[in-house]
Amino acid sequence: MRWLPLLPLLLLFASPASAQGIRIDVSGSERAIPVAVQRFSVDESGAAASEEFYQGLVAGIDFSSVVVHVNPEAFVESKVTRDFAAPAVPCENWRAIGAEGLVQGELRVVQGKAQARFRVWDTSRCRLLGDVGFRELDRAELGLLARVVADDIVERFSGRRGLSSTQIAFVSDNGRRNKEIWVMEADGSGKRRVTNNGSINLFPAWSPDGKTLLYTSFKAGMSELFLLYRGNKPGARLIKTADEKYRGVWQANDGNIAAVVSREGNTDIYSVSTNGTAPQRLTESRAIETSPTFSPDGRKMAFVSDRSGAPQVWIKDLDSGEEHRLTYSGIYNASPSWSPTGEWIAYAAQTGDNFDIYLINPEGTFTTPLVTHARSDDDPAWSPDGRKLAFSSNRRGRREIFRVDIDGNNVTVLTDGFGNSTNPSWSNWLE
Amino acid sequence: MSAHYAPLESLLASRTFRRLLAFSLAGHLAIFLVLTFRAHLNAVLISPSPVLVNLVDVPKRAAAPPAAAKPVEKPAPPKPVVKPEPPKPKPVVNEVVIPEEPAPLAAKPKPVAKPEPAAKSAAEILAELTTRVEERNPPPEPAAPSAPGPAAPIAGGPGVFDPMLSPWVARVRSVVRQNWSGAQLCKGIPSFAVEIEANGRLSDIELAESSGDRYCDESAERAVRKSDPLPAPPRGAMSVVLALNPKETP
């Protein structure tokens, strides 16, 4: 190998271009990826569903803020999918209008089920992104079907599932004296009341599969926990004892519920199953323990306890039983909410006369304010991807539900003109 | 006759005055000639040296004002950062070239191969050149010296303002930036080795360095492909590395 030392020199001659090259740094912007969405083709069965589906689809795509639909008035090609199975599409005609992607599909209604088939093109390289997608829901849930498909499409371009097929449950008086549980889409649209008992209903909590709401109600006189199934089918009272049950949340994914129960004058956190087994005590202190929230793996629980003299956030290791205090700064810290990615616990911290929302890592080594305002922000609730939070605030007078990105940007009110609204709970993806 | 002319006439009539006037004129003439002659001499003997100025792009990271310049700094509220990431080296954006160290050719303008009195064989010259190149730029692995890296490309000398290239670079930057959608997907900085033909067409686009995220890389590649053709390069076909940095610059 005597010639080996010559190699670098030979390569130098072999690629003179690289010696003349320069590096050009280009900066980015917040522009979303423009994607053309052709209306899904329909036969007679889907004709009546076409418009509602299309509107839900483009609204769901635009909600992502990563992908945005191109105005169909700009299309050179058809606005409706003509040949869903065509092996190729005229990508240059889509590129010409600035579309980096193309969505085509067909919509059918078969035996009461709405079915959507779709495919997604990268028009830049003129190739399909993934296989043909297929989704099916009851015809009555056509709007949700459109948003599920929208979130699929967003995921193919960004690797992140969109949030349009998630919902936020909350408590509102809607300008009246009683408080009912309401549900809205994550963008704040489609608000509907899901309880109607004229009493006080509080603390809605979605089950991990998004099919059941757990909530607290005074409709039977004292504070009790109830279930509400998808489609507004009322469920049973959860714990049939004489104790007062203040609030329940779902434990990670095992189907159990952690409930704050007052028994013999001592408020503690208990674990119960939905099939009515005897409650198992999770905290043993003589102080008041409330507001349980669980790590994504379900092995740790954060909660609020006043055992140190004032309400602070504590963490319990459910395997070892060890408990330690998490928050030390501030005199009153409450409403902890463990992020679905496990990296953060959001909580409300008293600053002066008001509360702000802070983030702290579960190790307790880093904390940072997320939402601060001269008035109070409370009740943080994570989106299922851990990129956004809902919270309640009285910054505009009444209590309202807001949404914020995890970097503190894009604070948006979701319950404008809707009375006093509190206790948001953000669902998992529905499908 | 006016009374004003009478003294002048009488002066000119004076012989002494006429002599003094002649001396004065001769003296002035002599001074004029000497000065004219000296100026000419200067022009011939001492040619004024032109001032050579190299305009250098100052790297942005060096532009941070010293702490003393801002004695009263507003206590910025702690930014709600998603993750306390380790501070990354700030990418230098407004630069034609980011020199790590001066390129040998620009730093030492003497010819690489000295004219040797004794004739050398081509093989000997090659061997000598190789040794020098290796001394200056020792390759880490003889087998992988061609790996494309963003630090490698250099044009027009390091950090030197290139009046011909700079406006074109600015246009390229602007075009690609306007075509880049989905930069918010990126945390890293994907870069592409791109061959630009004389007419601006892109003949070869290759991912030189991944951001670590496929979707980010794809968004950046779409931006590059969407930018085809770029404005024609001022000196004909050339290779560039386009580095797409998601961070917004002021």
# chains A, B, ... in the order shown; residues from 1 in each chain; ligands from 1

call {"tool": "residues_around", "arguments": {"residues": "Arg127 of chain A", "least_positions_apart": "4", "cutoff": "9 Å", "atoms": "only C-alpha atoms", "output": "ChimeraX atom specification"}}
result
/A:88,91,120-123

call {"tool": "residues_around", "arguments": {"residues": "Gln251 of chain A", "least_positions_apart": "6", "cutoff": "8 Å", "atoms": "only C-alpha atoms", "output": "list in words"}}
result
Ile257, Ala258, Thr293, Phe294 and Gly298 of chain A

call {"tool": "write_last_selection", "arguments": {"atoms": "C-alpha atoms", "output": "mmCIF file, in the first residue's frame"}}
result
data_model
loop_
_atom_site.group_PDB
_atom_site.id
_atom_site.type_symbol
_atom_site.label_atom_id
_atom_site.label_comp_id
_atom_site.auth_asym_id
_atom_site.auth_seq_id
_atom_site.Cartn_x
_atom_site.Cartn_y
_atom_site.Cartn_z
ATOM 1 C CA ILE A 257 -59.484 5.011 39.682
ATOM 2 C CA ALA A 258 -57.773 7.024 42.385
ATOM 3 C CA THR A 293 -51.991 12.421 39.271
ATOM 4 C CA PHE A 294 -49.967 9.511 37.922
ATOM 5 C CA GLY A 298 -48.451 4.265 36.625
#

call {"tool": "atom_distance", "arguments": {"atom1": "atom CA of Asn394 of chain A", "atom2": "atom CA of Ser376 of chain A"}}
result
5.8 Å

call {"tool": "residues_around", "arguments": {"residues": "Leu144 of chain A", "least_positions_apart": "2", "cutoff": "12 Å", "atoms": "only C-alpha atoms", "output": "PyMOL selection string"}}
result
chain A and resi 52-57+59-60+114-116+135-142+146-151+163-167+184-186+190+429-431

call {"tool": "write_last_selection", "arguments": {"atoms": "C-alpha atoms", "output": "tab-separated table (two decimals), in the first residue's frame"}}
result
chain	number	residue	atom	x	y	z
A	52	GLU	CA	-69.62	17.69	6.67
A	53	PHE	CA	-66.73	15.28	6.27
A	54	TYR	CA	-64.73	17.67	4.08
A	55	GLN	CA	-65.22	20.60	6.44
A	56	GLY	CA	-64.14	18.50	9.43
A	57	LEU	CA	-61.14	17.21	7.49
A	59	ALA	CA	-60.48	22.13	9.91
A	60	GLY	CA	-58.69	19.22	11.58
A	114	ALA	CA	-68.90	5.69	7.80
A	115	GLN	CA	-65.73	4.46	6.09
A	116	ALA	CA	-62.89	6.65	4.81
A	135	ARG	CA	-60.78	4.52	9.23
A	136	GLU	CA	-64.31	3.56	10.25
A	137	LEU	CA	-66.74	5.00	12.83
A	138	ASP	CA	-70.47	5.08	13.35
A	139	ARG	CA	-72.23	7.32	10.84
A	140	ALA	CA	-73.34	9.44	13.80
A	141	GLU	CA	-69.67	10.20	14.52
A	142	LEU	CA	-68.86	11.47	11.04
A	146	ALA	CA	-63.01	13.41	9.61
A	147	ARG	CA	-60.78	14.65	12.43
A	148	VAL	CA	-59.26	11.20	12.98
A	149	VAL	CA	-58.33	11.11	9.28
A	150	ALA	CA	-56.99	14.68	9.54
A	151	ASP	CA	-54.74	13.66	12.43
A	163	LEU	CA	-54.79	16.84	18.14
A	164	SER	CA	-58.04	17.53	16.30
A	165	SER	CA	-59.51	14.16	17.33
A	166	THR	CA	-59.11	14.97	21.02
A	167	GLN	CA	-61.68	16.67	23.24
A	184	MET	CA	-65.76	20.58	23.33
A	185	GLU	CA	-63.29	19.83	20.56
A	186	ALA	CA	-59.68	20.74	21.25
A	190	GLY	CA	-68.74	21.98	19.18
A	429	TRP	CA	-56.99	10.51	20.98
A	430	LEU	CA	-60.45	9.24	20.18
A	431	GLU	CA	-60.97	6.70	17.46

call {"tool": "select_by_dssp", "arguments": {"residues": "segment 94-257 of chain A", "states": "helix (DSSP H, G or I)", "output": "list in words"}}
result
Trp94, Arg95, Arg139, Ala140, Glu141, Leu142, Gly143, Leu144, Leu145, Ala146, Arg147, Val148, Val149, Ala150, Asp151, Asp152, Ile153, Val154, Glu155, Arg156, Phe157 and Ser158 of chain A

call {"tool": "write_last_selection", "arguments": {"atoms": "N, CA and C atoms", "output": "mmCIF file, in the first residue's frame"}}
result
data_model
loop_
_atom_site.group_PDB
_atom_site.id
_atom_site.type_symbol
_atom_site.label_atom_id
_atom_site.label_comp_id
_atom_site.auth_asym_id
_atom_site.auth_seq_id
_atom_site.Cartn_x
_atom_site.Cartn_y
_atom_site.Cartn_z
ATOM 1 N N TRP A 94 -49.606 20.019 -9.081
ATOM 2 C CA TRP A 94 -49.825 20.339 -7.667
ATOM 3 C C TRP A 94 -48.685 21.193 -7.143
ATOM 4 N N ARG A 95 -47.471 20.891 -7.613
ATOM 5 C CA ARG A 95 -46.337 21.736 -7.221
ATOM 6 C C ARG A 95 -46.546 23.160 -7.728
ATOM 7 N N ARG A 139 -71.809 6.186 11.680
ATOM 8 C CA ARG A 139 -72.225 7.318 10.844
ATOM 9 C C ARG A 139 -72.514 8.542 11.697
ATOM 10 N N ALA A 140 -73.017 8.321 12.910
ATOM 11 C CA ALA A 140 -73.341 9.441 13.801
ATOM 12 C C ALA A 140 -72.084 10.190 14.241
ATOM 13 N N GLU A 141 -70.921 9.555 14.103
ATOM 14 C CA GLU A 141 -69.673 10.204 14.519
ATOM 15 C C GLU A 141 -68.849 10.630 13.310
ATOM 16 N N LEU A 142 -69.530 11.092 12.281
ATOM 17 C CA LEU A 142 -68.859 11.471 11.042
ATOM 18 C C LEU A 142 -67.824 12.579 11.264
ATOM 19 N N GLY A 143 -68.180 13.574 12.093
ATOM 20 C CA GLY A 143 -67.256 14.671 12.357
ATOM 21 C C GLY A 143 -65.971 14.178 12.998
ATOM 22 N N LEU A 144 -66.116 13.247 13.934
ATOM 23 C CA LEU A 144 -64.936 12.682 14.581
ATOM 24 C C LEU A 144 -64.113 11.876 13.575
ATOM 25 N N LEU A 145 -64.792 11.146 12.683
ATOM 26 C CA LEU A 145 -64.076 10.382 11.654
ATOM 27 C C LEU A 145 -63.197 11.315 10.807
ATOM 28 N N ALA A 146 -63.769 12.458 10.426
ATOM 29 C CA ALA A 146 -63.008 13.409 9.613
ATOM 30 C C ALA A 146 -61.767 13.893 10.364
ATOM 31 N N ARG A 147 -61.918 14.139 11.663
ATOM 32 C CA ARG A 147 -60.779 14.647 12.429
ATOM 33 C C ARG A 147 -59.751 13.548 12.696
ATOM 34 N N VAL A 148 -60.208 12.318 12.831
ATOM 35 C CA VAL A 148 -59.258 11.204 12.984
ATOM 36 C C VAL A 148 -58.403 11.082 11.719
ATOM 37 N N VAL A 149 -59.067 11.173 10.547
ATOM 38 C CA VAL A 149 -58.326 11.108 9.281
ATOM 39 C C VAL A 149 -57.375 12.306 9.173
ATOM 40 N N ALA A 150 -57.842 13.483 9.579
ATOM 41 C CA ALA A 150 -56.989 14.676 9.542
ATOM 42 C C ALA A 150 -55.734 14.466 10.379
ATOM 43 N N ASP A 151 -55.900 13.880 11.566
ATOM 44 C CA ASP A 151 -54.738 13.658 12.433
ATOM 45 C C ASP A 151 -53.788 12.621 11.830
ATOM 46 N N ASP A 152 -54.353 11.625 11.125
ATOM 47 C CA ASP A 152 -53.508 10.662 10.404
ATOM 48 C C ASP A 152 -52.655 11.377 9.364
ATOM 49 N N ILE A 153 -53.286 12.289 8.622
ATOM 50 C CA ILE A 153 -52.583 12.993 7.540
ATOM 51 C C ILE A 153 -51.469 13.871 8.116
ATOM 52 N N VAL A 154 -51.789 14.580 9.193
ATOM 53 C CA VAL A 154 -50.780 15.426 9.835
ATOM 54 C C VAL A 154 -49.588 14.576 10.273
ATOM 55 N N GLU A 155 -49.867 13.399 10.783
ATOM 56 C CA GLU A 155 -48.791 12.530 11.262
ATOM 57 C C GLU A 155 -47.882 12.089 10.119
ATOM 58 N N ARG A 156 -48.443 11.894 8.938
ATOM 59 C CA ARG A 156 -47.616 11.432 7.822
ATOM 60 C C ARG A 156 -46.635 12.502 7.368
ATOM 61 N N PHE A 157 -46.975 13.767 7.562
ATOM 62 C CA PHE A 157 -46.054 14.833 7.173
ATOM 63 C C PHE A 157 -45.111 15.229 8.294
ATOM 64 N N SER A 158 -45.529 15.032 9.523
ATOM 65 C CA SER A 158 -44.758 15.607 10.624
ATOM 66 C C SER A 158 -44.228 14.575 11.606
#

call {"tool": "residues_around", "arguments": {"residues": "segment 164-176 of chain B", "least_positions_apart": "4", "cutoff": "9 Å", "atoms": "only C-alpha atoms", "output": "ChimeraX atom specification"}}
result
/A:24-27 /B:94-96,156,180,223-224,226-227,230-235,242,244

call {"tool": "closest_residue", "arguments": {"among": "B:Ser24, B:Arg18, B:Glu206, B:Ile196", "to": "chain A", "atoms": "only C-alpha atoms"}}
result
B:Ile196

call {"tool": "closest_residue", "arguments": {"among": "B:Phe161, B:Phe32, B:Tyr215, B:Phe192", "to": "chain A", "atoms": "only C-alpha atoms"}}
result
B:Tyr215
